[in-house]
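Enquirer: Attaching a single structure in structure tokens format; questions to follow.
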Amino acid sequence: MTDHVHDLRSVREATDRLLTAVAKLDNAALAEESHLPGWSRGHVLAHLARNADALVNVFEGRPMYESATARDADIERDAGRPLEEHLADLRDSAARFLATTERDQDWSRTVELRNGVTDLAANVPFRRWVEVALHHVDLNIGYELSDLPEEFTDREIAFLADRWSGRPEVPPVTLRATPDGVWHTGGTEGTPVVLEGPKDELLGWLAGRGRRGARLSVTAGAGLPELPPL
């Protein structure tokens with residue numbers, strides 16, 4: 001089973017890194033565009049805070065979000081707040097999430113996330129780490145995919161490769177990282193594709209981020225496949 005204690009420590013480190021970086025911004029910077037289409041930096045920060053509370057709901061057996069509409073409305077409501085309010089909300093919501101994980105519980109149980117997705121409770125801390133780490137990149141403040149810890153990058157590549165496995169709209173794809181690492185994804189239909197390049201570029205392609213494979217070499221197949229939205 002996943003080492004949730006290790007992952008919770010990584011969540012704390014990633015959160016501290018994020019808070020330190022965000023504290024250097026100002027109100028005007030929060031209103032500027034993030035890397036996510038249609039979202040300002042304030043939208044990204046509001047989403048991160050509400051996601052922490054949503055994962056508390058998951059641990060406590062409630063629906064992750066009241067509804068998709070309510071989720072979006074909460075983000076829109078909070079996006080335009082001043083920096084100090086964003087920072088306080090990020091700290092407080094992160095503390096609530098971590099406090100929930102410190103209670104005695106069955107980490108091997110199955111919990112329900114959004115849209116009927118289920119997972120082991122032990123995997124939820126890694127999912128939170130993913131949220132904090134990738135959305136730090138999404139803020140467009142100088143923290144890049146190449147700055148992510150190698151352990152995180154390897155695990156998230158493996159997670160996303162598994163997510164796209166068996167999808168009929170994605171051809172069979174072999175991912176070869178330089179200098180090392182091989183993963184497989186996609187379905188069984190279509191011409192097999194081999195992508196080679198740095199791990200951060202492979203992660204960017206799988207997650208729909210960065211330059212979407214700008215530094216990847218297609219060494220077999222017709223070209224870089226298009227992935228469906230996450």
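Residues are named by chain letter and number: chains run A, B, ... in the order of the structure tokens, numbers start at 1 in each chain, and ligands are numbered from 1 in the order shown.
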Tell me which protein, DNA and RNA residues are within 12 Å of Ala88 (chain A), counting only C-alpha atoms, leaving out same-chain ones fewer than 6 positions away, and put them as a PDB file with C-alpha atoms, in the first residue's frame.

Expert:
ATOM      1  CA  LEU A  19       2.893  29.606   0.406  1.00  0.00           C
ATOM      2  CA  VAL A  22       2.621  33.182  -3.230  1.00  0.00           C
ATOM      3  CA  ALA A  23       3.544  35.503  -0.353  1.00  0.00           C
ATOM      4  CA  LEU A  45      -5.477  29.562  -5.277  1.00  0.00           C
ATOM      5  CA  ALA A  46      -9.201  29.479  -4.516  1.00  0.00           C
ATOM      6  CA  ALA A  49      -8.117  25.913  -0.752  1.00  0.00           C
ATOM      7  CA  ARG A  81      -9.905  38.167  -2.822  1.00  0.00           C
ATOM      8  CA  PRO A  82      -6.804  40.121  -1.726  1.00  0.00           C
ATOM      9  CA  ALA A  94      -4.293  22.945   4.514  1.00  0.00           C
ATOM     10  CA  ALA A  95      -4.259  22.691   8.306  1.00  0.00           C
TER      11      ALA A  95
END

Enquirer: Contacts of region 59-70 of chain A at 12 Å or less, counting only C-alpha atoms, minus same-chain residues fewer than 2 places along, as a PyMOL selection string?

Expert: chain A and resi 47+50-57+72-77+96-107+109-125

Enquirer: Please identify which residues in region 81-198 of chain A DSSP calls alpha helix (DSSP H) from the backbone, and express them as number ranges by chain.

Expert: A: 83-101, 124-138, 150-164

Enquirer: Under the rule that only C-alpha atoms are counted, which of A:Leu195, A:Gly204, A:Pro229, A:Asp162 is the nearest residue to Ser217 (chain A)?

Expert: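 Under the stated criterion, the closest residue is A:Leu195.
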
Enquirer: Considering only C-alpha atoms, return as an mmCIF file with all heavy atoms, in the first residue's frame whatever protein or nucleic-acid residues lie within 8 Å of Leu48 (chain A), sequence-local ones (same chain, fewer than 6 positions apart) excluded.

Expert:
data_model
loop_
_atom_site.group_PDB
_atom_site.id
_atom_site.type_symbol
_atom_site.label_atom_id
_atom_site.label_comp_id
_atom_site.auth_asym_id
_atom_site.auth_seq_id
_atom_site.Cartn_x
_atom_site.Cartn_y
_atom_site.Cartn_z
ATOM 1 N N LEU A 90 -5.489 29.463 2.355
ATOM 2 C CA LEU A 90 -4.619 28.344 1.984
ATOM 3 C C LEU A 90 -4.030 27.676 3.224
ATOM 4 O O LEU A 90 -4.002 26.448 3.328
ATOM 5 C CB LEU A 90 -3.497 28.824 1.065
ATOM 6 C CG LEU A 90 -3.885 29.164 -0.374
ATOM 7 C CD1 LEU A 90 -2.743 29.908 -1.064
ATOM 8 C CD2 LEU A 90 -4.209 27.887 -1.147
ATOM 9 N N GLU A 131 -2.289 17.976 -6.519
ATOM 10 C CA GLU A 131 -2.995 19.248 -6.629
ATOM 11 C C GLU A 131 -2.065 20.418 -6.303
ATOM 12 O O GLU A 131 -1.995 21.405 -7.051
ATOM 13 C CB GLU A 131 -4.197 19.266 -5.681
ATOM 14 C CG GLU A 131 -5.324 18.342 -6.062
ATOM 15 C CD GLU A 131 -6.113 18.841 -7.259
ATOM 16 O OE1 GLU A 131 -6.252 20.067 -7.423
ATOM 17 O OE2 GLU A 131 -6.575 17.987 -8.043
ATOM 18 N N VAL A 132 -1.378 20.319 -5.184
ATOM 19 C CA VAL A 132 -0.523 21.424 -4.756
ATOM 20 C C VAL A 132 0.641 21.625 -5.716
ATOM 21 O O VAL A 132 0.943 22.763 -6.122
ATOM 22 C CB VAL A 132 -0.003 21.180 -3.322
ATOM 23 C CG1 VAL A 132 0.966 22.289 -2.908
ATOM 24 C CG2 VAL A 132 -1.168 21.112 -2.332
ATOM 25 N N HIS A 135 -0.585 22.660 -9.478
ATOM 26 C CA HIS A 135 -1.178 23.996 -9.507
ATOM 27 C C HIS A 135 -0.170 25.079 -9.127
ATOM 28 O O HIS A 135 -0.351 26.243 -9.518
ATOM 29 C CB HIS A 135 -2.410 24.056 -8.606
ATOM 30 C CG HIS A 135 -3.595 23.376 -9.216
ATOM 31 N ND1 HIS A 135 -3.957 23.558 -10.529
ATOM 32 C CD2 HIS A 135 -4.505 22.500 -8.694
ATOM 33 C CE1 HIS A 135 -5.035 22.841 -10.800
ATOM 34 N NE2 HIS A 135 -5.386 22.181 -9.701
#

Enquirer: What's the separation between CA of Asp7 (chain A) and CA of Phe126 (chain A), in Å to one decimal place?

Expert: 5.6 Å
